[in-house]
Amino acid sequence: MKHLTKTCLSAAAFALATLPALAQTMGPQGETATPSNVVAVADADVEAVRAGNHTAALLWHDQSDFVNAVTAGATAEFERLNIKVVATTSAGFDAAKQRSDIETVLAKNPSIILSLPLDPVTSAAAFEEAKSEGIKLVFLSNLPSGYEHPADYAAIVTDDLFQMGKQAADALAKSMGGTGTVGWIYHDASYYVTNQRDNAFKTTIENDYPNISIVAEQGITDPARAEEIANAMLLRNPDLGGIYVTWAGPAEGVLAALRANGNKTTKIVTLDLSEPVALDMVRGGNVAAIIADEAYELGRAMAAAAVLDLLDQDVPPFVVAPAVTVTADNVAEGWMQSLHINAPASLTTSN
Amino acid sequence: MTRVTSRLNGLDFQQAVVYFGFLAIFLFFAVTLYDDGFLTQRNLTNIVLQTAPATIMAIGLVFALSAGEIDLSFGSIVAVSALSCAVILQDYPLPFGVAVGLGVGMGIGAFNGVLIAYLKLPSFLVTLATMGLFAGIARSMTDLRSIPVMNDTFTGIFGSGKLFSVPSLVIWTVIGVAVGHLIYRHTRFGAHVLATGDNPRAAQVSGIKVPRVRLYVMMICGGCAGLAGLLYAGRLQAAKYTLGESDLMTVIAAVIVGGTALNGGKGSVIGALLGSLLMGMLNNGLILMNLKVSDQMIVRGLIILVAVALSLRDSNR
Amino acid sequence: MTAEQNVLSLTNIHKAFGGVVAIQDFSLNLKAGEVVALVGDNGAGKSTLIKIVSGVYTPTSGSIELDGEETSFSDASSARSKGIEVVYQDLALADQQPVFMNMFLGRELTKPPFGLLDKDRMRRESQELVDELDVRIPSASSTISQLSGGQRQGIAIARATHWASKLILLDEPTAALGVAETARVEDLIENLKKKNLAILIISHSLDQVFRLSDRICVLRRGQQIGIRETAKTDKNEIVSMITGVA
């Protein structure tokens, strides 16, 4: 029991450190954010890099549209600089597999590794070997615990998480005419990315919209349970003006609950692009807006940060890629800006 | 002549699949990935290190399957054991952490075993339920939080250490396979496990305590999962609720490819080792081939399908 | 009858399941080297009787004597430890294991110092046994599933012979076999008589019963109709005893 209490306490301490009340995105160690467009390889250096015949490995946590877009952005930048991508892996959220993936790609002696460390604690040992071999590490969103900038890694690159949460709040408030009640469905896990976005939404509503109140809060860990959670929330608060859903997966479940209840008035706002959610939006359904990140730009910035480190130039420790608010009016542009692919045909033709 | 063929048939097509498959894939990667470092000592060592926990789990599963039972919960046991051990190691010395980690594994195995052996519930359903139960417990026991393991002796013994320049995970693999094989092939208990899985009625009328055998194999399976949890905790220097979760299918495939029958009475610990190494080699080689992640999954899935189909061909007859 | 002592004596055996009487007042003596056949229609109580003698069921009343000593069996293992072996109709063989492991199933031999299986000795002894009884199999290392029905039956009988010191119960030993294989198994049973074991055999085939047995015991609906010496009776008498139609 003693141990559990201790663990919970340290969990609370960690949460406090990573959930800032400030109105901007901050790094896992409180670093201030640098916009991604600042991180670029100077034209003068391109030839030198191209001549270096460097190689890179991409070690992702999972597979998704987001990862594909980051990969595309990074790969395009690497190609421009004549850097060959020698391996791409997906750990499927398995910390042990990620460790194995790192060991495996080390056999190919890459000069650069771009990766999303699954977990600060487990990844500390996992990246140790790569770190000690002097491979340039650029991390997405998470930082292995105990790693120091600039000695151990080049940079962390992430979405402008606070902006995503804030823009979600702004978009939802706008669709509700600046007044009403809101349900807040947040990711109930200690996960830096979602925690920052969720809290930014809440902070923005509380600080900037005095006529909107958050009347229901519900955590979620399993997207499959979103429909039940939304049903329970609507049962207790039938006149809910809007619902914030932490990401698109569970938003699909919330949407299903609203449809089942014949509810056409409650607005939904969520984060990350998803075709079913966007389809509801373009057809004038419940979904008011989807906030997306510029994943392609994020990938480009990761690649650029690693190359700057190769050139022994200063790299800002914490880089953020901008957020995009996608509404029914800018679906095509939003999709391109975020994922660097055309929006699904269903979204552009049905309008 | 008939003696020779029957000997060959017996010894046997299913077991041969894993030997030939292992060799064929090894040679294929050795040739095609020579320039990508596949054959380097470092990479080959990596494969053994990476598969060590899965190999230990596979040994436990050989016992369960051979007795005609299945354990779907071992992945969850890995997580609970690793987390229990990591939590204990924060305040207590190494032997306590190890004892708790292994004890929790065997304890959960015993829990499964009692339900299966004495309440006569089907192991598939029991462990399907306890898989979820203990996955939930793993999540709740530390609030989804990863627990670091700072005990250097522990991470040395169960993770990154070496003895006479042999990595400890290699030693664990060798010990696990040797002990598992010895018990499985050369003890009365091993014979009783096989007889129980083969024909429980025959085993019972021959005086074998069938329920006790069933209990013990589930405990062995749990204990092996517990040890695998310790190896993960040592290797990652941390424990997390996701440990072992994704190993279920890999380990079952490794064991089946290794010539163990799904319906009991037949198996091989050595085969399970080769099956597990085969899976590790596939993961490794397909990454080194620089395939896209989705293509890695497709190719791996197809190869496993072929291997499983070949090793099950005989017993489906 | 004779001065020779009975191996097995059943006296006034009675067995009821709840209110249903399965065996009523059954008495039978068996001597060493003697084959007694138990015949009767389905449901006559033959299986119940076998289970009582092999320790699976405890009789409601009546006594069981082995070598003249009153005894009782708590379970099948205790009957087996007293020298009674059963060859079950389904043979109770583990199909995917080799012959020698089946011979020693549940009674595996081990060797010092670590108590590991002594496979060489089990293989050797199994081979000797099948050779002695002339059960023709490829080898003691063959897997049961590779053997024919007759060979399997031979293994099951050889196993019983190896472990039985007093009595072997044979439950329909040739029901699943062809003509040639049946003949071989019958030869095998003839051989067992020489080993001075008492044999109780259940069979549906009256021809077989007349070929093999010394005496025939007839059951009908749980009642013992009578015992005849095989040499002094004929099929008609036995049939009418079984059916109750004179």
# chains A, B, ... in the order shown; residues from 1 in each chain; ligands from 1
>>> interface_residues(of="chain B", to="chain C", cutoff="6 Å", atoms="only C-alpha atoms", output="list in words")
His186, Thr187, Ala195, Asp198, Asn199, Ala202, Ser206, Gly207 and Ile208 of chain B
>>> select_by_dssp(residues="stretch 95-210 of chain C", states="alpha helix (DSSP H)", output="NGL selection string")
:C and (99-103 or 119-132 or 149-163 or 179-194 or 206-210)
>>> write_last_selection(atoms="C-alpha atoms", output="PDB file, in the first residue's frame")
ATOM      1  CA  VAL C  99       4.531 -47.757 -27.250  1.00  0.00           C
ATOM      2  CA  PHE C 100       6.996 -47.921 -24.385  1.00  0.00           C
ATOM      3  CA  MET C 101       5.598 -44.808 -22.692  1.00  0.00           C
ATOM      4  CA  ASN C 102       2.119 -46.339 -22.900  1.00  0.00           C
ATOM      5  CA  MET C 103       3.358 -49.566 -21.384  1.00  0.00           C
ATOM      6  CA  LYS C 119      13.655 -44.527 -21.362  1.00  0.00           C
ATOM      7  CA  ASP C 120      16.186 -47.141 -22.436  1.00  0.00           C
ATOM      8  CA  ARG C 121      14.995 -49.605 -19.854  1.00  0.00           C
ATOM      9  CA  MET C 122      11.316 -48.933 -20.560  1.00  0.00           C
ATOM     10  CA  ARG C 123      11.966 -49.377 -24.262  1.00  0.00           C
ATOM     11  CA  ARG C 124      13.895 -52.603 -23.669  1.00  0.00           C
ATOM     12  CA  GLU C 125      11.346 -54.104 -21.306  1.00  0.00           C
ATOM     13  CA  SER C 126       8.491 -53.163 -23.608  1.00  0.00           C
ATOM     14  CA  GLN C 127      10.258 -54.789 -26.510  1.00  0.00           C
ATOM     15  CA  GLU C 128      10.828 -57.960 -24.486  1.00  0.00           C
ATOM     16  CA  LEU C 129       7.196 -58.043 -23.484  1.00  0.00           C
ATOM     17  CA  VAL C 130       5.763 -57.608 -26.959  1.00  0.00           C
ATOM     18  CA  ASP C 131       8.224 -60.170 -28.271  1.00  0.00           C
ATOM     19  CA  GLU C 132       7.262 -62.644 -25.582  1.00  0.00           C
ATOM     20  CA  GLY C 149      -6.337 -51.776 -34.342  1.00  0.00           C
ATOM     21  CA  GLY C 150      -5.091 -55.275 -33.591  1.00  0.00           C
ATOM     22  CA  GLN C 151      -1.635 -54.030 -32.706  1.00  0.00           C
ATOM     23  CA  ARG C 152      -3.134 -51.475 -30.328  1.00  0.00           C
ATOM     24  CA  GLN C 153      -5.257 -54.119 -28.698  1.00  0.00           C
ATOM     25  CA  GLY C 154      -2.108 -56.201 -28.358  1.00  0.00           C
ATOM     26  CA  ILE C 155      -0.305 -53.325 -26.646  1.00  0.00           C
ATOM     27  CA  ALA C 156      -3.189 -52.761 -24.237  1.00  0.00           C
ATOM     28  CA  ILE C 157      -3.284 -56.469 -23.338  1.00  0.00           C
ATOM     29  CA  ALA C 158       0.509 -56.649 -23.052  1.00  0.00           C
ATOM     30  CA  ARG C 159       0.426 -53.689 -20.693  1.00  0.00           C
ATOM     31  CA  ALA C 160      -2.196 -55.346 -18.506  1.00  0.00           C
ATOM     32  CA  THR C 161      -0.185 -58.556 -18.496  1.00  0.00           C
ATOM     33  CA  HIS C 162       2.932 -56.740 -17.450  1.00  0.00           C
ATOM     34  CA  TRP C 163       1.340 -55.184 -14.406  1.00  0.00           C
ATOM     35  CA  VAL C 179     -11.235 -61.501 -38.619  1.00  0.00           C
ATOM     36  CA  ALA C 180      -7.470 -61.968 -38.847  1.00  0.00           C
ATOM     37  CA  GLU C 181      -6.755 -59.493 -36.073  1.00  0.00           C
ATOM     38  CA  THR C 182      -9.392 -61.085 -33.863  1.00  0.00           C
ATOM     39  CA  ALA C 183      -7.658 -64.428 -34.300  1.00  0.00           C
ATOM     40  CA  ARG C 184      -4.337 -62.919 -33.253  1.00  0.00           C
ATOM     41  CA  VAL C 185      -5.794 -61.303 -30.156  1.00  0.00           C
ATOM     42  CA  GLU C 186      -7.477 -64.583 -29.215  1.00  0.00           C
ATOM     43  CA  ASP C 187      -4.118 -66.341 -29.501  1.00  0.00           C
ATOM     44  CA  LEU C 188      -2.725 -63.701 -27.219  1.00  0.00           C
ATOM     45  CA  ILE C 189      -5.423 -64.326 -24.626  1.00  0.00           C
ATOM     46  CA  GLU C 190      -4.731 -68.068 -24.832  1.00  0.00           C
ATOM     47  CA  ASN C 191      -1.106 -67.247 -24.078  1.00  0.00           C
ATOM     48  CA  LEU C 192      -2.078 -65.361 -20.935  1.00  0.00           C
ATOM     49  CA  LYS C 193      -3.505 -68.504 -19.386  1.00  0.00           C
ATOM     50  CA  LYS C 194      -0.001 -69.894 -19.286  1.00  0.00           C
ATOM     51  CA  LEU C 206     -20.589 -66.328 -28.389  1.00  0.00           C
ATOM     52  CA  ASP C 207     -18.237 -68.059 -30.834  1.00  0.00           C
ATOM     53  CA  GLN C 208     -15.375 -66.279 -29.190  1.00  0.00           C
ATOM     54  CA  VAL C 209     -16.645 -67.063 -25.705  1.00  0.00           C
ATOM     55  CA  PHE C 210     -16.796 -70.745 -26.574  1.00  0.00           C
TER      56      PHE C 210
END
>>> residues_around(residues="C:Leu197", least_positions_apart="5", cutoff="8 Å", atoms="only C-alpha atoms", output="number ranges by chain")
C: 32-34, 164-168, 192
>>> atom_distance(atom1="atom CA of A:Gly146", atom2="atom CA of A:Pro120")
8.7 Å
>>> atom_distance(atom1="atom CA of C:Ile50", atom2="atom CA of B:Val213")
27.3 Å
>>> residues_around(residues="A:Ala332", least_positions_apart="3", cutoff="7 Å", atoms="only C-alpha atoms", output="PyMOL selection string")
chain A and resi 335-336+342-343+348
>>> write_last_selection(atoms="C-alpha atoms", output="PDB file, in the first residue's frame")
ATOM      1  CA  TRP A 335      -6.437  18.403 -45.127  1.00  0.00           C
ATOM      2  CA  MET A 336      -3.616  19.478 -47.393  1.00  0.00           C
ATOM      3  CA  ASN A 342      -6.000  15.457 -50.697  1.00  0.00           C
ATOM      4  CA  ALA A 343      -9.069  15.323 -48.535  1.00  0.00           C
ATOM      5  CA  THR A 348     -15.139  17.393 -51.199  1.00  0.00           C
TER       6      THR A 348
END
>>> residues_around(residues="B:Asp35", least_positions_apart="6", cutoff="12 Å", atoms="only C-alpha atoms", output="VMD selection string")
(chain A and resid 107 to 109) or (chain B and resid 29 288 to 289)
>>> atom_distance(atom1="atom CA of A:Asp152", atom2="atom CA of B:Gln50")
24.5 Å
>>> residues_around(residues="C:Tyr57", least_positions_apart="6", cutoff="12 Å", atoms="only C-alpha atoms", output="number ranges by chain")
C: 13-17, 22-23, 47-51, 72-76, 78-79
>>> write_last_selection(atoms="N, CA and C atoms", output="PDB file, in the first residue's frame")
ATOM      1  N   ILE C  13     -22.660 -60.019  -4.184  1.00  0.00           N
ATOM      2  CA  ILE C  13     -22.445 -58.603  -4.527  1.00  0.00           C
ATOM      3  C   ILE C  13     -23.778 -57.977  -4.945  1.00  0.00           C
ATOM      4  N   HIS C  14     -24.015 -56.805  -4.384  1.00  0.00           N
ATOM      5  CA  HIS C  14     -25.244 -56.070  -4.647  1.00  0.00           C
ATOM      6  C   HIS C  14     -24.871 -54.621  -4.921  1.00  0.00           C
ATOM      7  N   LYS C  15     -25.380 -54.061  -6.006  1.00  0.00           N
ATOM      8  CA  LYS C  15     -25.064 -52.655  -6.274  1.00  0.00           C
ATOM      9  C   LYS C  15     -26.314 -51.926  -6.740  1.00  0.00           C
ATOM     10  N   ALA C  16     -26.630 -50.823  -6.050  1.00  0.00           N
ATOM     11  CA  ALA C  16     -27.781 -50.019  -6.438  1.00  0.00           C
ATOM     12  C   ALA C  16     -27.349 -48.576  -6.593  1.00  0.00           C
ATOM     13  N   PHE C  17     -27.891 -47.911  -7.610  1.00  0.00           N
ATOM     14  CA  PHE C  17     -27.680 -46.476  -7.773  1.00  0.00           C
ATOM     15  C   PHE C  17     -28.969 -45.784  -7.396  1.00  0.00           C
ATOM     16  N   ALA C  22     -28.620 -52.326  -9.964  1.00  0.00           N
ATOM     17  CA  ALA C  22     -27.836 -52.657 -11.153  1.00  0.00           C
ATOM     18  C   ALA C  22     -27.327 -54.080 -11.099  1.00  0.00           C
ATOM     19  N   ILE C  23     -26.922 -54.517  -9.916  1.00  0.00           N
ATOM     20  CA  ILE C  23     -26.427 -55.888  -9.724  1.00  0.00           C
ATOM     21  C   ILE C  23     -27.088 -56.455  -8.477  1.00  0.00           C
ATOM     22  N   SER C  47     -20.905 -54.184 -17.395  1.00  0.00           N
ATOM     23  CA  SER C  47     -19.975 -53.070 -17.174  1.00  0.00           C
ATOM     24  C   SER C  47     -19.920 -52.684 -15.701  1.00  0.00           C
ATOM     25  N   THR C  48     -21.085 -52.679 -15.064  1.00  0.00           N
ATOM     26  CA  THR C  48     -21.122 -52.349 -13.638  1.00  0.00           C
ATOM     27  C   THR C  48     -20.258 -53.326 -12.851  1.00  0.00           C
ATOM     28  N   LEU C  49     -20.369 -54.574 -13.219  1.00  0.00           N
ATOM     29  CA  LEU C  49     -19.608 -55.600 -12.519  1.00  0.00           C
ATOM     30  C   LEU C  49     -18.095 -55.384 -12.711  1.00  0.00           C
ATOM     31  N   ILE C  50     -17.698 -55.108 -13.940  1.00  0.00           N
ATOM     32  CA  ILE C  50     -16.283 -54.826 -14.226  1.00  0.00           C
ATOM     33  C   ILE C  50     -15.803 -53.655 -13.376  1.00  0.00           C
ATOM     34  N   LYS C  51     -16.651 -52.622 -13.279  1.00  0.00           N
ATOM     35  CA  LYS C  51     -16.240 -51.434 -12.530  1.00  0.00           C
ATOM     36  C   LYS C  51     -16.140 -51.726 -11.037  1.00  0.00           C
ATOM     37  N   SER C  72     -11.252 -54.353  -0.071  1.00  0.00           N
ATOM     38  CA  SER C  72     -12.112 -53.349  -0.697  1.00  0.00           C
ATOM     39  C   SER C  72     -11.214 -52.345  -1.396  1.00  0.00           C
ATOM     40  N   PHE C  73     -11.746 -51.772  -2.488  1.00  0.00           N
ATOM     41  CA  PHE C  73     -10.944 -50.841  -3.274  1.00  0.00           C
ATOM     42  C   PHE C  73     -11.506 -49.441  -3.116  1.00  0.00           C
ATOM     43  N   SER C  74     -10.627 -48.506  -2.761  1.00  0.00           N
ATOM     44  CA  SER C  74     -11.112 -47.129  -2.642  1.00  0.00           C
ATOM     45  C   SER C  74     -11.230 -46.480  -4.023  1.00  0.00           C
ATOM     46  N   ASP C  75     -10.380 -46.892  -4.945  1.00  0.00           N
ATOM     47  CA  ASP C  75     -10.469 -46.367  -6.314  1.00  0.00           C
ATOM     48  C   ASP C  75      -9.727 -47.319  -7.257  1.00  0.00           C
ATOM     49  N   ALA C  76      -9.658 -46.914  -8.534  1.00  0.00           N
ATOM     50  CA  ALA C  76      -9.035 -47.782  -9.528  1.00  0.00           C
ATOM     51  C   ALA C  76      -7.564 -48.033  -9.197  1.00  0.00           C
ATOM     52  N   SER C  78      -6.176 -48.309  -6.316  1.00  0.00           N
ATOM     53  CA  SER C  78      -5.957 -49.287  -5.252  1.00  0.00           C
ATOM     54  C   SER C  78      -6.200 -50.704  -5.780  1.00  0.00           C
ATOM     55  N   ALA C  79      -7.158 -50.858  -6.694  1.00  0.00           N
ATOM     56  CA  ALA C  79      -7.354 -52.178  -7.298  1.00  0.00           C
ATOM     57  C   ALA C  79      -6.129 -52.571  -8.103  1.00  0.00           C
TER      58      ALA C  79
END
>>> residues_around(residues="stretch 280-297 of chain A", least_positions_apart="5", cutoff="7 Å", atoms="only C-alpha atoms", output="PyMOL selection string")
chain A and resi 66+69-70+72-73+159+164+167-168+171-172+175+264-273+321-328+337-340+347+351
>>> select_by_dssp(residues="stretch 53-232 of chain C", states="strand (DSSP E)", output="ChimeraX atom specification")
/C:61-66,69-71,84-87,110-111,116-117,167-171,198-202,215-220,223-229
>>> closest_atom_pairs(of="chain A", to="chain B", cutoff="8 Å", atoms="only C-alpha atoms", output="tab-separated table")
residue	atom	partner	partner_atom	distance
A:His3	CA	B:Val87	CA	6.4
A:Leu4	CA	B:Thr142	CA	6.6
A:Thr7	CA	B:Thr142	CA	6.7
A:Cys8	CA	B:Thr142	CA	7.2
A:Ala11	CA	B:Arg145	CA	7.3
A:Gln63	CA	B:Val293	CA	7.9
A:Val86	CA	B:Asn290	CA	5.7
A:Ala87	CA	B:Asn290	CA	4.5
A:Thr88	CA	B:Lys292	CA	6.3
A:Thr89	CA	B:Val293	CA	5.7
A:Ser90	CA	B:Val293	CA	6.2
A:Phe93	CA	B:Thr242	CA	7.8
A:Asp94	CA	B:Thr242	CA	6.2
A:Ala95	CA	B:Leu243	CA	7.0
A:Ala96	CA	B:Leu243	CA	6.7
A:Arg99	CA	B:Leu236	CA	7.4
A:Ser100	CA	B:Gln50	CA	5.8
A:Asp101	CA	B:Asn284	CA	7.8
A:Glu103	CA	B:Asn46	CA	6.7
A:Thr104	CA	B:Asn284	CA	6.0
A:Val105	CA	B:Leu288	CA	6.7
A:Ala107	CA	B:Gly37	CA	5.5
A:Lys108	CA	B:Asp36	CA	5.8
A:Asp119	CA	B:Ser146	CA	7.6
A:Val121	CA	B:Pro148	CA	6.0
A:Thr122	CA	B:Ala238	CA	5.3
A:Ser123	CA	B:Leu236	CA	7.3
A:Ala125	CA	B:Leu236	CA	5.8
A:Ala126	CA	B:Leu236	CA	6.3
A:Ala189	CA	B:Leu144	CA	6.9
A:Ser190	CA	B:Arg145	CA	7.3
>>> write_last_selection(atoms="C-alpha atoms", output="PDB file, in the first residue's frame")
ATOM      1  CA  HIS A   3       4.340   1.801  -2.514  1.00  0.00           C
ATOM      2  CA  LEU A   4       1.128   2.527  -4.288  1.00  0.00           C
ATOM      3  CA  THR A   7       3.666   5.998  -6.813  1.00  0.00           C
ATOM      4  CA  CYS A   8       0.520   8.060  -6.892  1.00  0.00           C
ATOM      5  CA  ALA A  11       2.466  10.707 -10.434  1.00  0.00           C
ATOM      6  CA  GLN A  63       0.681   3.680 -37.537  1.00  0.00           C
ATOM      7  CA  VAL A  86      17.260   3.066 -44.061  1.00  0.00           C
ATOM      8  CA  ALA A  87      14.519   1.741 -41.773  1.00  0.00           C
ATOM      9  CA  THR A  88      11.008   2.558 -40.627  1.00  0.00           C
ATOM     10  CA  THR A  89       9.393   0.764 -37.705  1.00  0.00           C
ATOM     11  CA  SER A  90       6.210   0.783 -35.674  1.00  0.00           C
ATOM     12  CA  PHE A  93       2.519   1.083 -28.467  1.00  0.00           C
ATOM     13  CA  ASP A  94       4.680  -1.727 -27.084  1.00  0.00           C
ATOM     14  CA  ALA A  95       7.611  -0.350 -25.103  1.00  0.00           C
ATOM     15  CA  ALA A  96       9.532  -3.620 -25.366  1.00  0.00           C
ATOM     16  CA  ARG A  99      13.469  -1.116 -27.510  1.00  0.00           C
ATOM     17  CA  SER A 100      14.001  -4.015 -29.932  1.00  0.00           C
ATOM     18  CA  ASP A 101      13.378  -1.755 -32.929  1.00  0.00           C
ATOM     19  CA  GLU A 103      18.596  -2.183 -31.350  1.00  0.00           C
ATOM     20  CA  THR A 104      17.699  -3.598 -34.727  1.00  0.00           C
ATOM     21  CA  VAL A 105      18.122  -0.383 -36.702  1.00  0.00           C
ATOM     22  CA  ALA A 107      22.799  -2.569 -37.117  1.00  0.00           C
ATOM     23  CA  LYS A 108      22.436  -0.173 -40.049  1.00  0.00           C
ATOM     24  CA  ASP A 119       7.073   6.495 -22.464  1.00  0.00           C
ATOM     25  CA  VAL A 121      10.522   5.973 -18.165  1.00  0.00           C
ATOM     26  CA  THR A 122      10.861   2.915 -20.399  1.00  0.00           C
ATOM     27  CA  SER A 123      12.521   4.765 -23.271  1.00  0.00           C
ATOM     28  CA  ALA A 125      17.191   2.781 -21.217  1.00  0.00           C
ATOM     29  CA  ALA A 126      15.973   1.991 -24.722  1.00  0.00           C
ATOM     30  CA  ALA A 189      -4.131   8.936 -18.741  1.00  0.00           C
ATOM     31  CA  SER A 190      -0.853  10.580 -18.020  1.00  0.00           C
TER      32      SER A 190
END
>>> closest_residue(among="B:Val80, B:Leu231, B:Val299, B:Val170", to="B:Leu277", atoms="only C-alpha atoms")
B:Val170
>>> decode(residues="stretch 92-116 of chain C", atoms="C-alpha atoms", output="PDB file, in the first residue's frame")
ATOM      1  CA  ALA C  92      -6.951 -46.193 -22.722  1.00  0.00           C
ATOM      2  CA  LEU C  93      -3.870 -45.604 -24.827  1.00  0.00           C
ATOM      3  CA  ALA C  94      -2.265 -42.211 -25.370  1.00  0.00           C
ATOM      4  CA  ASP C  95      -2.192 -42.196 -29.180  1.00  0.00           C
ATOM      5  CA  GLN C  96       0.581 -39.702 -29.778  1.00  0.00           C
ATOM      6  CA  GLN C  97       3.019 -41.298 -27.341  1.00  0.00           C
ATOM      7  CA  PRO C  98       5.359 -44.172 -28.158  1.00  0.00           C
ATOM      8  CA  VAL C  99       4.531 -47.757 -27.250  1.00  0.00           C
ATOM      9  CA  PHE C 100       6.996 -47.921 -24.385  1.00  0.00           C
ATOM     10  CA  MET C 101       5.598 -44.808 -22.692  1.00  0.00           C
ATOM     11  CA  ASN C 102       2.119 -46.339 -22.900  1.00  0.00           C
ATOM     12  CA  MET C 103       3.358 -49.566 -21.384  1.00  0.00           C
ATOM     13  CA  PHE C 104       4.561 -47.623 -18.384  1.00  0.00           C
ATOM     14  CA  LEU C 105       1.856 -44.937 -18.379  1.00  0.00           C
ATOM     15  CA  GLY C 106       1.533 -43.580 -14.840  1.00  0.00           C
ATOM     16  CA  ARG C 107       4.206 -46.017 -13.666  1.00  0.00           C
ATOM     17  CA  GLU C 108       7.206 -44.688 -15.545  1.00  0.00           C
ATOM     18  CA  LEU C 109      10.609 -46.053 -14.585  1.00  0.00           C
ATOM     19  CA  THR C 110      13.235 -43.610 -13.412  1.00  0.00           C
ATOM     20  CA  LYS C 111      16.916 -43.871 -12.732  1.00  0.00           C
ATOM     21  CA  PRO C 112      19.160 -42.381 -10.090  1.00  0.00           C
ATOM     22  CA  PRO C 113      20.553 -39.929  -9.220  1.00  0.00           C
ATOM     23  CA  PHE C 114      18.101 -37.299 -10.509  1.00  0.00           C
ATOM     24  CA  GLY C 115      15.013 -39.426 -10.939  1.00  0.00           C
ATOM     25  CA  LEU C 116      14.915 -38.835 -14.676  1.00  0.00           C
TER      26      LEU C 116
END
